[in-house]
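Everything on this sheet refers to the single structure shown next.
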Amino acid sequence: MTNVKNTSSEINEIILVPEDTRELVKSLLSKVDNFSLKYNKYILTDKEGKINKKSAMSSSFAFPAKLLNNKISELEQAAKSLFGTNKVIFTKSVVDKLIVGLGTESVLETSITLHHIYGFPYIPGQSIKGAVRNYVIKFYFDSDEEKALTQSKTFCLLFGCNKETESKKKSALNEDYEGSVVFFDAFPTFLDNQVISIDIMNPHYGEYYQDLEPPADYLQPTPINFLVVTNTDFKFILGTYKNIEVEWNDNKLSLLELARQFTEETLTKYGIGAKTSVGYGYFK
Amino acid sequence: MSSKLDNGRASFAFQCADTTKQLSYAKEYKQYSKKLPMMIKTNGLAATFAFMLSKDQNKNEGKAYHKLGDDILYWLKTCNTTNDIFQNKSTFKDLVQDVINLDSFKYNLITQETINFLLWLRRFTEGLIND
C-alpha cells in the first residue's frame with residue numbers, strides 16, 4: 001500500500017525537467033548549493049498541475065561563504081591589475097530590503113537577479129551605472145537627458161555619449177565616446193540563510209486596475225510572494241583607465257571621485273532595484 | 001534541409017501572427033511571444049509550458065497563452081528537426097507530460113527549436129499586431 005501512495009504523490013508533484021535529469025535531481029538535490037539553479041530550475045507542479053510557487057519560494061539555501069569571499073577578492077584583484085590606484089572600493093549596507101530583477105520573466109511571476117554561476121544575489125554593474133546615470137539626469141539636469149548630453153562634458157566623460165543625440169543635436173564632446181568610469185558588479189560581503197527572505201505584495205483592487213470594476217472594498221486581495229535581500233552589505237568597485245580632472249559645481253576633482261560621490265548619493269537618496277518608491281533598495 | 005528561410009520557421013510564424021491579428025487577444029499574444037524565450041531560458045521548457053497551461057482559458061491572458069502553445073506545438077510537429085519526436089500524437093494539454101518524458105538530448109532539441117521559432121514569431125507579431 002505504501003508503494004501506491006508514493007506513486008500517486010509522484011504523479012501529483014512533477015519536477016519539470018527531462019526524464020534523465022529528474023532521476024539525477026532526486027538523488028542529488030540535497031547537495032545542490034547553487035541557489036540560482038534551485039530557485040529557477042527546480043520547479044514543481046502542484047496537485048492540479050499548476051506551478052507550485054510556494055515550494056520554490058521556500059526552497060532552502062546555503063551559500064558557500066568561501067566561494068563568495070573568493071569572488072570578491074577576485075574582483076578586487078581585477079580592479080587592481082586593470083586600474084592600479086585609479087579605483088575606489090567602498091561598502092554600503094542595505095537599509096531595509098533590496099530587490100533587483102523583480103520583473104525578470106519567470107514562471108513564478110516574480111523574480112530576483114542571481115549570479116548565473118555562483119547563485120548569489122548581486123547587483124549587476126550595468127544596473128548600478130544605469131541608476132547613477134538616471135539619478136544625475138534627474139537631480140542635476142532637471143530630468144532632461146538631452147540637456148545633460150549637450151551641455152555637460154563631465155556627464156559625457158563619465159557615462160559616455162554618441163556624437164549626436166537622438167534629435168540630432170551635437171553632444172558636449174562632439175564625438176562618440178565610451179564612458180571613462182567602469183562600474184563593477186556589486187556582491188554582498190556577507191551571506192547566510194537570513195539574507196534572502198520572503199516578502200509579500202498584496203494588491204487589493206486588481207479588477208479595478210484592469211478597468212473591470214469600480215474600486216471598492218468587496219474586491220479580493222491577491223497575495224503575491226517575492227524574494228528580497230536584507231541584512232547584508234554590498235561591496236561597490238569603480239575604476240577608470242585614465243584619471244581625468246573635471247570641474248563640477250565650481251570644484252575641481254577627479255572624475256573617479258565624482259563618480260564615487262554620485263554612486264553614494266544614488267544609493268542613499270535614490271535607491272536601486274525595484275520598488276524604490278515604497279522604500280526598497282536604499283543603502284546607508 | 002528545406003530551402004525556405006530559416007527552414008520554414010519564418011513563413012509559419014508569419015501565418016500565426018497573421019491569423020491572430022484580428023482576434024480579441026492579439027495584444028496579449030504579441031506581448032507573450034516576446035516574454036516566452038526569456039522564460040524558457042530562465043526556468044526551462046517544461047516549466048514554461050506548465051505555466052502557459054495553468055492560465056485560465058476564459059480570460060484573454062489564458063486564450064493568448066493557449067493559442068501560443070497550440071502554434072508552438074503545431075510547428076514542433078511539422079518541422080523536420082522535431083517532427084519524429086511527437087509523431088502528431090500530442091495535444092497542448094499533454095505537452096508538459098510528453099516533454100518531461102523525453103531524454104535530455106531531445107528535450108534540448110525541442111527547446112532550441114521552440115526558441116528559434118519564437119524569435120521569428122516575435123518579429124512578425126511586432127510588425128503585424130497593433131497595440
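Residues in the C-alpha cells are numbered from 1 in each chain, the chains being A, B, ... in the order shown, and ligands are numbered from 1 in the order shown.
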Define the interface residues of chain A facing chain B as those within 6 Å, counting only C-alpha atoms, and report them as a compact mmCIF listing (two decimals) with N, CA, C and O atoms, in the first residue's frame.
```
# COMPACT_ATOMS: atom_id res chain seq x y z
N LEU A 16 9.78 19.56 -13.17
CA LEU A 16 9.63 19.88 -14.59
C LEU A 16 10.98 19.91 -15.30
O LEU A 16 11.46 20.96 -15.73
N VAL A 17 11.60 18.75 -15.41
CA VAL A 17 12.85 18.60 -16.16
C VAL A 17 12.77 17.28 -16.94
O VAL A 17 11.93 16.46 -16.63
N PRO A 18 13.64 17.07 -17.94
CA PRO A 18 13.58 15.82 -18.69
C PRO A 18 13.86 14.60 -17.81
O PRO A 18 14.40 14.73 -16.71
N GLU A 19 13.50 13.44 -18.34
CA GLU A 19 13.46 12.23 -17.52
C GLU A 19 14.80 11.90 -16.85
O GLU A 19 14.86 11.68 -15.64
N ASP A 20 15.89 11.89 -17.65
CA ASP A 20 17.19 11.50 -17.06
C ASP A 20 17.66 12.51 -16.01
O ASP A 20 18.23 12.14 -14.99
N ASN A 40 15.42 28.72 -9.82
CA ASN A 40 14.90 28.92 -11.18
C ASN A 40 14.61 27.63 -11.94
O ASN A 40 13.73 27.58 -12.79
N LYS A 41 15.38 26.60 -11.68
CA LYS A 41 15.25 25.39 -12.50
C LYS A 41 14.53 24.25 -11.80
O LYS A 41 13.99 23.37 -12.45
N LYS A 50 -0.54 22.85 -11.71
CA LYS A 50 -0.04 24.23 -11.83
C LYS A 50 1.34 24.33 -11.19
O LYS A 50 1.74 23.49 -10.40
N GLU A 105 11.34 37.99 -16.49
CA GLU A 105 10.35 36.96 -16.83
C GLU A 105 10.62 35.68 -16.06
O GLU A 105 11.74 35.17 -16.05
N SER A 106 9.59 35.15 -15.43
CA SER A 106 9.75 33.89 -14.70
C SER A 106 8.40 33.22 -14.57
O SER A 106 7.38 33.90 -14.49
N VAL A 107 8.39 31.91 -14.54
CA VAL A 107 7.12 31.20 -14.36
C VAL A 107 6.59 31.40 -12.94
O VAL A 107 5.45 31.06 -12.66
```
Fill in: Residue set, range 110-177 of chain A restricted to strand (DSSP E or B), as number ranges by chain
A: 114, 121, 123, 160-161, 164, 170, 177
Please write the residues from the selection above to a file, keeping N, CA and C atoms, as a PDB file, in the first residue's frame.
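Resulting contents of result_11.pdb:
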```pdb
ATOM      1  N   LEU A 114      20.053  36.662  -9.696  1.00  0.00           N
ATOM      2  CA  LEU A 114      21.024  35.805  -9.023  1.00  0.00           C
ATOM      3  C   LEU A 114      22.161  35.549  -9.993  1.00  0.00           C
ATOM      4  N   PRO A 121      22.819  36.382  -4.762  1.00  0.00           N
ATOM      5  CA  PRO A 121      22.164  37.616  -5.197  1.00  0.00           C
ATOM      6  C   PRO A 121      23.253  38.673  -5.420  1.00  0.00           C
ATOM      7  N   ILE A 123      24.192  42.787  -7.575  1.00  0.00           N
ATOM      8  CA  ILE A 123      23.696  43.909  -8.383  1.00  0.00           C
ATOM      9  C   ILE A 123      24.607  44.042  -9.594  1.00  0.00           C
ATOM     10  N   GLY A 160      29.663  58.332 -21.027  1.00  0.00           N
ATOM     11  CA  GLY A 160      29.759  58.066 -22.458  1.00  0.00           C
ATOM     12  C   GLY A 160      28.627  58.721 -23.224  1.00  0.00           C
ATOM     13  N   CYS A 161      28.817  58.907 -24.530  1.00  0.00           N
ATOM     14  CA  CYS A 161      27.774  59.548 -25.331  1.00  0.00           C
ATOM     15  C   CYS A 161      27.971  59.216 -26.808  1.00  0.00           C
ATOM     16  N   GLU A 164      26.004  62.501 -31.757  1.00  0.00           N
ATOM     17  CA  GLU A 164      24.792  63.308 -31.804  1.00  0.00           C
ATOM     18  C   GLU A 164      23.718  62.679 -30.924  1.00  0.00           C
ATOM     19  N   LYS A 170      24.325  68.188 -31.331  1.00  0.00           N
ATOM     20  CA  LYS A 170      25.686  67.765 -31.017  1.00  0.00           C
ATOM     21  C   LYS A 170      25.851  67.545 -29.520  1.00  0.00           C
ATOM     22  N   TYR A 177      31.852  58.570 -27.660  1.00  0.00           N
ATOM     23  CA  TYR A 177      32.779  58.424 -26.533  1.00  0.00           C
ATOM     24  C   TYR A 177      32.292  57.330 -25.585  1.00  0.00           C
TER      25      TYR A 177
END
```
Fill in: DSSP helix (DSSP H, G or I) selection over chain B, as a PyMOL selection string
chain B and resi 5-20+26-43+45-53+60-78+83-86+92-100+104-128
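Between CA of Asp185 in chain A and CA of Thr263 in chain A lies a distance of 13.0 Å.
Between CA of Gly130 in chain A and CA of Asn193 in chain A lies a distance of 29.5 Å.
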Write out as a compact mmCIF listing (two decimals) with all heavy atoms, in the first residue's frame each polymer residue whose atoms come within 12 Å of range 26-33 of chain B, counting only C-alpha atoms; drop sequence neighbours fewer than 5 positions from it.
```txt
# COMPACT_ATOMS: atom_id res chain seq x y z
N GLU A 105 11.34 37.99 -16.49
CA GLU A 105 10.35 36.96 -16.83
C GLU A 105 10.62 35.68 -16.06
O GLU A 105 11.74 35.17 -16.05
CB GLU A 105 10.39 36.64 -18.32
CG GLU A 105 10.08 37.80 -19.23
CD GLU A 105 8.80 38.49 -18.88
OE1 GLU A 105 7.94 37.88 -18.22
OE2 GLU A 105 8.66 39.67 -19.23
N SER A 106 9.59 35.15 -15.43
CA SER A 106 9.75 33.89 -14.70
C SER A 106 8.40 33.22 -14.57
O SER A 106 7.38 33.90 -14.49
CB SER A 106 10.34 34.17 -13.33
OG SER A 106 10.20 33.04 -12.51
N ALA B 13 5.65 31.23 -38.81
CA ALA B 13 5.47 32.28 -37.81
C ALA B 13 4.64 33.43 -38.38
O ALA B 13 3.78 33.98 -37.69
CB ALA B 13 6.82 32.78 -37.32
N CYS B 16 1.03 32.46 -38.30
CA CYS B 16 0.49 32.51 -36.94
C CYS B 16 0.16 33.94 -36.55
O CYS B 16 -0.93 34.23 -36.05
CB CYS B 16 1.50 31.95 -35.93
SG CYS B 16 1.77 30.20 -36.11
N ALA B 17 1.09 34.85 -36.79
CA ALA B 17 0.87 36.25 -36.41
C ALA B 17 -0.28 36.83 -37.23
O ALA B 17 -1.12 37.57 -36.72
CB ALA B 17 2.15 37.05 -36.62
N ASP B 18 -0.33 36.45 -38.51
CA ASP B 18 -1.35 36.99 -39.41
C ASP B 18 -2.75 36.53 -39.04
O ASP B 18 -3.71 37.30 -39.08
CB ASP B 18 -1.01 36.56 -40.85
CG ASP B 18 -1.67 37.48 -41.86
OD1 ASP B 18 -1.69 38.70 -41.60
OD2 ASP B 18 -2.17 36.97 -42.89
N THR B 19 -2.89 35.24 -38.63
CA THR B 19 -4.22 34.76 -38.26
C THR B 19 -4.63 35.26 -36.89
O THR B 19 -5.82 35.27 -36.56
CB THR B 19 -4.29 33.22 -38.26
OG1 THR B 19 -3.21 32.72 -37.47
CG2 THR B 19 -4.22 32.64 -39.65
N THR B 20 -3.67 35.66 -36.07
CA THR B 20 -4.02 36.09 -34.72
C THR B 20 -4.39 37.57 -34.68
O THR B 20 -5.10 38.01 -33.78
CB THR B 20 -2.82 35.85 -33.76
OG1 THR B 20 -2.35 34.54 -33.96
CG2 THR B 20 -3.24 35.99 -32.30
N LYS B 21 -3.97 38.33 -35.69
CA LYS B 21 -4.04 39.79 -35.55
C LYS B 21 -5.47 40.34 -35.40
O LYS B 21 -5.65 41.37 -34.77
CB LYS B 21 -3.31 40.49 -36.70
CG LYS B 21 -3.97 40.40 -38.03
CD LYS B 21 -3.14 41.14 -39.07
CE LYS B 21 -3.80 40.99 -40.42
NZ LYS B 21 -2.93 41.39 -41.52
N MET B 38 12.68 34.32 -23.04
CA MET B 38 13.38 34.62 -21.78
C MET B 38 12.96 33.64 -20.69
O MET B 38 13.77 33.15 -19.92
CB MET B 38 13.05 36.06 -21.38
CG MET B 38 13.88 36.59 -20.25
SD MET B 38 15.62 36.57 -20.63
CE MET B 38 16.29 36.74 -19.00
N MET B 39 11.66 33.38 -20.66
CA MET B 39 11.15 32.46 -19.64
C MET B 39 11.72 31.06 -19.83
O MET B 39 12.07 30.37 -18.87
CB MET B 39 9.63 32.43 -19.73
CG MET B 39 8.93 32.16 -18.43
SD MET B 39 7.17 32.13 -18.68
CE MET B 39 6.71 33.75 -18.17
N ILE B 40 11.83 30.63 -21.08
CA ILE B 40 12.39 29.31 -21.36
C ILE B 40 13.84 29.26 -20.89
O ILE B 40 14.28 28.28 -20.30
CB ILE B 40 12.27 28.98 -22.86
CG1 ILE B 40 10.80 28.83 -23.25
CG2 ILE B 40 13.04 27.70 -23.19
CD1 ILE B 40 10.55 28.72 -24.74
N THR B 48 7.90 26.33 -18.48
CA THR B 48 7.22 27.36 -19.27
C THR B 48 5.90 26.84 -19.83
O THR B 48 4.87 27.52 -19.76
CB THR B 48 8.13 27.85 -20.42
OG1 THR B 48 9.35 28.29 -19.86
CG2 THR B 48 7.50 28.99 -21.18
N PHE B 51 3.41 26.62 -17.07
CA PHE B 51 2.95 27.97 -16.76
C PHE B 51 1.87 28.42 -17.75
O PHE B 51 0.82 28.94 -17.37
CB PHE B 51 4.15 28.92 -16.80
CG PHE B 51 3.82 30.38 -16.72
CD1 PHE B 51 3.62 30.98 -15.50
CD2 PHE B 51 3.74 31.15 -17.88
CE1 PHE B 51 3.32 32.33 -15.42
CE2 PHE B 51 3.44 32.50 -17.81
CZ PHE B 51 3.23 33.09 -16.57
N MET B 52 2.12 28.17 -19.05
CA MET B 52 1.16 28.57 -20.07
C MET B 52 -0.17 27.83 -19.90
O MET B 52 -1.25 28.40 -20.02
CB MET B 52 1.73 28.30 -21.47
CG MET B 52 2.93 29.15 -21.81
SD MET B 52 3.87 28.49 -23.20
CE MET B 52 2.75 28.83 -24.55
N LYS B 59 -10.11 33.84 -19.79
CA LYS B 59 -9.62 35.21 -19.88
C LYS B 59 -8.73 35.36 -21.12
O LYS B 59 -8.21 34.38 -21.64
CB LYS B 59 -8.80 35.56 -18.64
CG LYS B 59 -9.63 35.61 -17.38
CD LYS B 59 -8.78 36.04 -16.21
CE LYS B 59 -9.62 36.06 -14.93
NZ LYS B 59 -8.78 36.06 -13.73
N ASN B 60 -8.55 36.60 -21.54
CA ASN B 60 -7.70 36.87 -22.70
C ASN B 60 -6.27 36.33 -22.49
O ASN B 60 -5.66 35.82 -23.42
CB ASN B 60 -7.62 38.38 -22.95
CG ASN B 60 -8.71 38.83 -23.90
OD1 ASN B 60 -9.50 38.01 -24.38
ND2 ASN B 60 -8.76 40.12 -24.16
N GLU B 61 -5.79 36.48 -21.26
CA GLU B 61 -4.45 36.02 -20.94
C GLU B 61 -4.31 34.53 -21.27
O GLU B 61 -3.39 34.11 -21.97
CB GLU B 61 -4.19 36.27 -19.45
CG GLU B 61 -2.77 35.99 -19.03
CD GLU B 61 -2.61 36.01 -17.51
OE1 GLU B 61 -3.61 35.79 -16.79
OE2 GLU B 61 -1.48 36.21 -17.06
N GLY B 62 -5.27 33.75 -20.77
CA GLY B 62 -5.23 32.30 -20.99
C GLY B 62 -5.40 31.95 -22.45
O GLY B 62 -4.72 31.08 -22.99
N LYS B 63 -6.32 32.66 -23.12
CA LYS B 63 -6.56 32.39 -24.55
C LYS B 63 -5.28 32.60 -25.35
O LYS B 63 -4.94 31.80 -26.23
CB LYS B 63 -7.66 33.31 -25.09
CG LYS B 63 -9.05 32.91 -24.66
CD LYS B 63 -10.07 33.91 -25.17
CE LYS B 63 -11.40 33.71 -24.48
NZ LYS B 63 -12.28 34.87 -24.64
N ALA B 64 -4.59 33.70 -25.04
CA ALA B 64 -3.36 34.01 -25.78
C ALA B 64 -2.29 32.95 -25.53
O ALA B 64 -1.64 32.47 -26.47
CB ALA B 64 -2.83 35.38 -25.39
N TYR B 65 -2.12 32.55 -24.27
CA TYR B 65 -1.12 31.54 -23.96
C TYR B 65 -1.45 30.21 -24.63
O TYR B 65 -0.57 29.50 -25.09
CB TYR B 65 -0.99 31.36 -22.45
CG TYR B 65 0.00 32.31 -21.81
CD1 TYR B 65 -0.38 33.17 -20.79
CD2 TYR B 65 1.32 32.35 -22.23
CE1 TYR B 65 0.53 34.05 -20.21
CE2 TYR B 65 2.24 33.21 -21.67
CZ TYR B 65 1.84 34.06 -20.65
OH TYR B 65 2.75 34.92 -20.09
N HIS B 66 -2.74 29.86 -24.64
CA HIS B 66 -3.11 28.58 -25.25
C HIS B 66 -2.94 28.61 -26.77
O HIS B 66 -2.53 27.63 -27.36
CB HIS B 66 -4.54 28.19 -24.84
CG HIS B 66 -4.60 27.62 -23.46
ND1 HIS B 66 -4.80 26.28 -23.20
CD2 HIS B 66 -4.43 28.21 -22.25
CE1 HIS B 66 -4.76 26.08 -21.89
NE2 HIS B 66 -4.55 27.23 -21.29
N LYS B 67 -3.25 29.75 -27.38
CA LYS B 67 -3.02 29.87 -28.82
C LYS B 67 -1.53 29.75 -29.13
O LYS B 67 -1.11 29.05 -30.06
CB LYS B 67 -3.57 31.22 -29.34
CG LYS B 67 -3.24 31.55 -30.79
CD LYS B 67 -4.18 30.85 -31.75
CE LYS B 67 -4.17 31.40 -33.17
NZ LYS B 67 -2.90 31.34 -33.87
N LEU B 68 -0.71 30.41 -28.33
CA LEU B 68 0.74 30.32 -28.50
C LEU B 68 1.21 28.88 -28.36
O LEU B 68 2.02 28.38 -29.15
CB LEU B 68 1.46 31.17 -27.45
CG LEU B 68 1.73 32.62 -27.79
CD1 LEU B 68 2.11 33.39 -26.54
CD2 LEU B 68 2.85 32.73 -28.82
N GLY B 69 0.65 28.19 -27.36
CA GLY B 69 1.02 26.80 -27.13
C GLY B 69 0.64 25.92 -28.31
O GLY B 69 1.44 25.10 -28.78
N ASP B 71 0.22 26.90 -31.39
CA ASP B 71 1.08 27.26 -32.53
C ASP B 71 2.46 26.62 -32.40
O ASP B 71 3.01 26.09 -33.38
CB ASP B 71 1.21 28.79 -32.64
CG ASP B 71 -0.08 29.44 -33.11
OD1 ASP B 71 -0.97 28.69 -33.58
OD2 ASP B 71 -0.21 30.67 -33.00
N ILE B 72 3.03 26.69 -31.19
CA ILE B 72 4.35 26.09 -30.98
C ILE B 72 4.28 24.59 -31.25
O ILE B 72 5.12 24.02 -31.95
CB ILE B 72 4.85 26.35 -29.54
CG1 ILE B 72 5.18 27.83 -29.34
CG2 ILE B 72 6.08 25.49 -29.22
CD1 ILE B 72 5.41 28.21 -27.90
N THR B 114 11.98 25.55 -30.30
CA THR B 114 10.93 26.45 -29.82
C THR B 114 11.44 27.89 -29.77
O THR B 114 10.76 28.82 -30.22
CB THR B 114 10.46 26.02 -28.42
OG1 THR B 114 10.09 24.65 -28.45
CG2 THR B 114 9.28 26.86 -27.96
N ILE B 115 12.65 28.07 -29.24
CA ILE B 115 13.21 29.42 -29.14
C ILE B 115 13.42 30.01 -30.54
O ILE B 115 13.04 31.16 -30.80
CB ILE B 115 14.53 29.42 -28.34
CG1 ILE B 115 14.22 29.13 -26.88
CG2 ILE B 115 15.26 30.75 -28.48
CD1 ILE B 115 15.44 28.97 -26.00
N ASN B 116 13.96 29.20 -31.46
CA ASN B 116 14.18 29.69 -32.83
C ASN B 116 12.88 30.12 -33.49
O ASN B 116 12.82 31.14 -34.17
CB ASN B 116 14.84 28.61 -33.68
CG ASN B 116 16.27 28.36 -33.27
OD1 ASN B 116 16.85 29.15 -32.53
ND2 ASN B 116 16.84 27.26 -33.72
N PHE B 117 11.83 29.32 -33.26
CA PHE B 117 10.52 29.67 -33.82
C PHE B 117 9.99 30.96 -33.21
O PHE B 117 9.51 31.85 -33.92
CB PHE B 117 9.54 28.51 -33.59
CG PHE B 117 8.12 28.86 -33.90
CD1 PHE B 117 7.74 29.12 -35.21
CD2 PHE B 117 7.17 28.93 -32.90
CE1 PHE B 117 6.43 29.46 -35.51
CE2 PHE B 117 5.86 29.26 -33.18
CZ PHE B 117 5.49 29.53 -34.49
N LEU B 118 10.12 31.08 -31.88
CA LEU B 118 9.59 32.27 -31.20
C LEU B 118 10.31 33.54 -31.63
O LEU B 118 9.71 34.62 -31.67
CB LEU B 118 9.69 32.10 -29.68
CG LEU B 118 8.66 31.15 -29.06
CD1 LEU B 118 9.01 30.85 -27.61
CD2 LEU B 118 7.26 31.76 -29.14
N LEU B 119 11.60 33.41 -31.97
CA LEU B 119 12.33 34.60 -32.42
C LEU B 119 11.73 35.16 -33.69
O LEU B 119 11.67 36.37 -33.88
CB LEU B 119 13.81 34.28 -32.61
CG LEU B 119 14.57 33.96 -31.32
CD1 LEU B 119 16.04 33.69 -31.61
CD2 LEU B 119 14.43 35.08 -30.30
N TRP B 120 11.26 34.28 -34.59
CA TRP B 120 10.57 34.76 -35.79
C TRP B 120 9.19 35.28 -35.44
O TRP B 120 8.76 36.32 -35.94
CB TRP B 120 10.46 33.64 -36.82
CG TRP B 120 11.73 33.49 -37.60
CD1 TRP B 120 12.65 32.50 -37.46
CD2 TRP B 120 12.23 34.36 -38.61
NE1 TRP B 120 13.70 32.71 -38.31
CE2 TRP B 120 13.47 33.83 -39.03
CE3 TRP B 120 11.77 35.54 -39.20
CZ2 TRP B 120 14.24 34.44 -40.03
CZ3 TRP B 120 12.54 36.14 -40.18
CH2 TRP B 120 13.75 35.58 -40.58
N LEU B 121 8.51 34.54 -34.55
CA LEU B 121 7.14 34.94 -34.21
C LEU B 121 7.11 36.35 -33.61
O LEU B 121 6.25 37.16 -33.94
CB LEU B 121 6.53 33.92 -33.23
CG LEU B 121 5.06 34.12 -32.94
CD1 LEU B 121 4.23 33.96 -34.21
CD2 LEU B 121 4.57 33.15 -31.87
N ARG B 122 8.08 36.64 -32.74
CA ARG B 122 8.05 37.96 -32.09
C ARG B 122 8.30 39.07 -33.11
O ARG B 122 7.74 40.16 -32.99
CB ARG B 122 9.04 38.04 -30.94
CG ARG B 122 10.48 37.84 -31.33
CD ARG B 122 11.37 37.78 -30.13
NE ARG B 122 11.48 39.11 -29.51
CZ ARG B 122 12.18 39.34 -28.42
NH1 ARG B 122 12.80 38.36 -27.81
NH2 ARG B 122 12.27 40.56 -27.93
N ARG B 123 9.11 38.78 -34.14
CA ARG B 123 9.32 39.80 -35.18
C ARG B 123 8.02 40.11 -35.91
O ARG B 123 7.68 41.26 -36.16
CB ARG B 123 10.33 39.30 -36.21
CG ARG B 123 11.74 39.30 -35.69
CD ARG B 123 12.70 38.74 -36.71
NE ARG B 123 13.95 38.43 -36.04
CZ ARG B 123 14.78 37.48 -36.41
NH1 ARG B 123 14.50 36.72 -37.45
NH2 ARG B 123 15.89 37.26 -35.75
N PHE B 124 7.29 39.03 -36.25
CA PHE B 124 6.07 39.25 -37.03
C PHE B 124 4.93 39.82 -36.19
O PHE B 124 4.15 40.62 -36.68
CB PHE B 124 5.65 37.96 -37.74
CG PHE B 124 6.60 37.57 -38.83
CD1 PHE B 124 7.17 36.31 -38.87
CD2 PHE B 124 6.96 38.49 -39.81
CE1 PHE B 124 8.07 35.96 -39.87
CE2 PHE B 124 7.85 38.14 -40.82
CZ PHE B 124 8.40 36.88 -40.84
N THR B 125 4.82 39.39 -34.92
CA THR B 125 3.78 39.99 -34.08
C THR B 125 4.06 41.49 -33.91
O THR B 125 3.14 42.30 -33.92
CB THR B 125 3.69 39.33 -32.70
OG1 THR B 125 4.97 39.33 -32.09
CG2 THR B 125 3.17 37.92 -32.80
N GLU B 126 5.34 41.82 -33.78
CA GLU B 126 5.73 43.24 -33.66
C GLU B 126 5.25 44.03 -34.88
O GLU B 126 4.74 45.14 -34.76
CB GLU B 126 7.26 43.30 -33.54
CG GLU B 126 7.83 44.68 -33.34
CD GLU B 126 7.53 45.23 -31.96
OE1 GLU B 126 7.77 44.51 -30.98
OE2 GLU B 126 7.06 46.37 -31.88
N GLY B 127 5.40 43.44 -36.04
CA GLY B 127 5.05 44.16 -37.26
C GLY B 127 3.57 44.13 -37.61
O GLY B 127 3.05 45.08 -38.18
N LEU B 128 2.89 43.02 -37.29
CA LEU B 128 1.53 42.84 -37.78
C LEU B 128 0.44 43.22 -36.77
O LEU B 128 -0.68 43.52 -37.16
CB LEU B 128 1.32 41.38 -38.20
CG LEU B 128 2.11 40.91 -39.41
CD1 LEU B 128 1.97 39.41 -39.59
CD2 LEU B 128 1.65 41.64 -40.66
N ILE B 129 0.76 43.15 -35.49
CA ILE B 129 -0.28 43.39 -34.48
C ILE B 129 -0.07 44.76 -33.84
O ILE B 129 1.00 45.06 -33.31
CB ILE B 129 -0.25 42.29 -33.40
CG1 ILE B 129 -0.53 40.93 -34.05
CG2 ILE B 129 -1.27 42.57 -32.31
CD1 ILE B 129 -0.36 39.74 -33.14
N ASN B 130 -1.10 45.60 -33.94
CA ASN B 130 -1.01 46.93 -33.33
C ASN B 130 -1.42 46.87 -31.87
O ASN B 130 -2.22 46.04 -31.48
CB ASN B 130 -1.94 47.91 -34.05
CG ASN B 130 -1.54 48.08 -35.50
OD1 ASN B 130 -0.37 48.13 -35.82
ND2 ASN B 130 -2.54 48.14 -36.37
N ASP B 131 -0.90 47.81 -31.08
CA ASP B 131 -1.29 47.86 -29.67
C ASP B 131 -2.69 48.44 -29.50
O ASP B 131 -3.09 49.29 -30.27
CB ASP B 131 -0.28 48.70 -28.88
CG ASP B 131 0.96 47.88 -28.58
OD1 ASP B 131 0.78 46.68 -28.27
OD2 ASP B 131 2.08 48.42 -28.67
```
Discussion item. Can you tell me which residues surround range 140-145 of chain A at a distance of at most 12 Å, considering only C-alpha atoms, apart from same-chain residues fewer than 4 positions away, and format the answer as a list in words?
Written reply: Val132, Arg133, Asn134, Tyr135, Val136, Leu149, Thr150, Gln151, Ser152, Thr154, Phe155, Cys156, Phe159, Cys161, Thr165, Glu166, Ser167, Ser171, Trp248, Asn249 and Phe262 of chain A
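Nearest residue to Val195 in chain A, choosing from A:Phe90, A:Phe83, A:Phe120, A:Tyr280 and counting only C-alpha atoms: A:Phe120.
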Worksheet item: Can you tell me, as JSON, numbers by chain, what residues are no more than 12 Å from Asn83 in chain B when counting only C-alpha atoms, ignoring any on the same chain fewer than 3 positions away?
Response: {"B": [73, 74, 75, 76, 77, 78, 79, 80, 86, 87, 88, 89, 90, 106, 109, 110, 113]}
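With only C-alpha atoms taken into account, the protein and nucleic acid residues at most 7 Å from Val95 in chain A (excluding it and anything under 2 positions from it in its own chain) are Ser93, Lys97, Tyr282, Phe283 and Lys284 of chain A.
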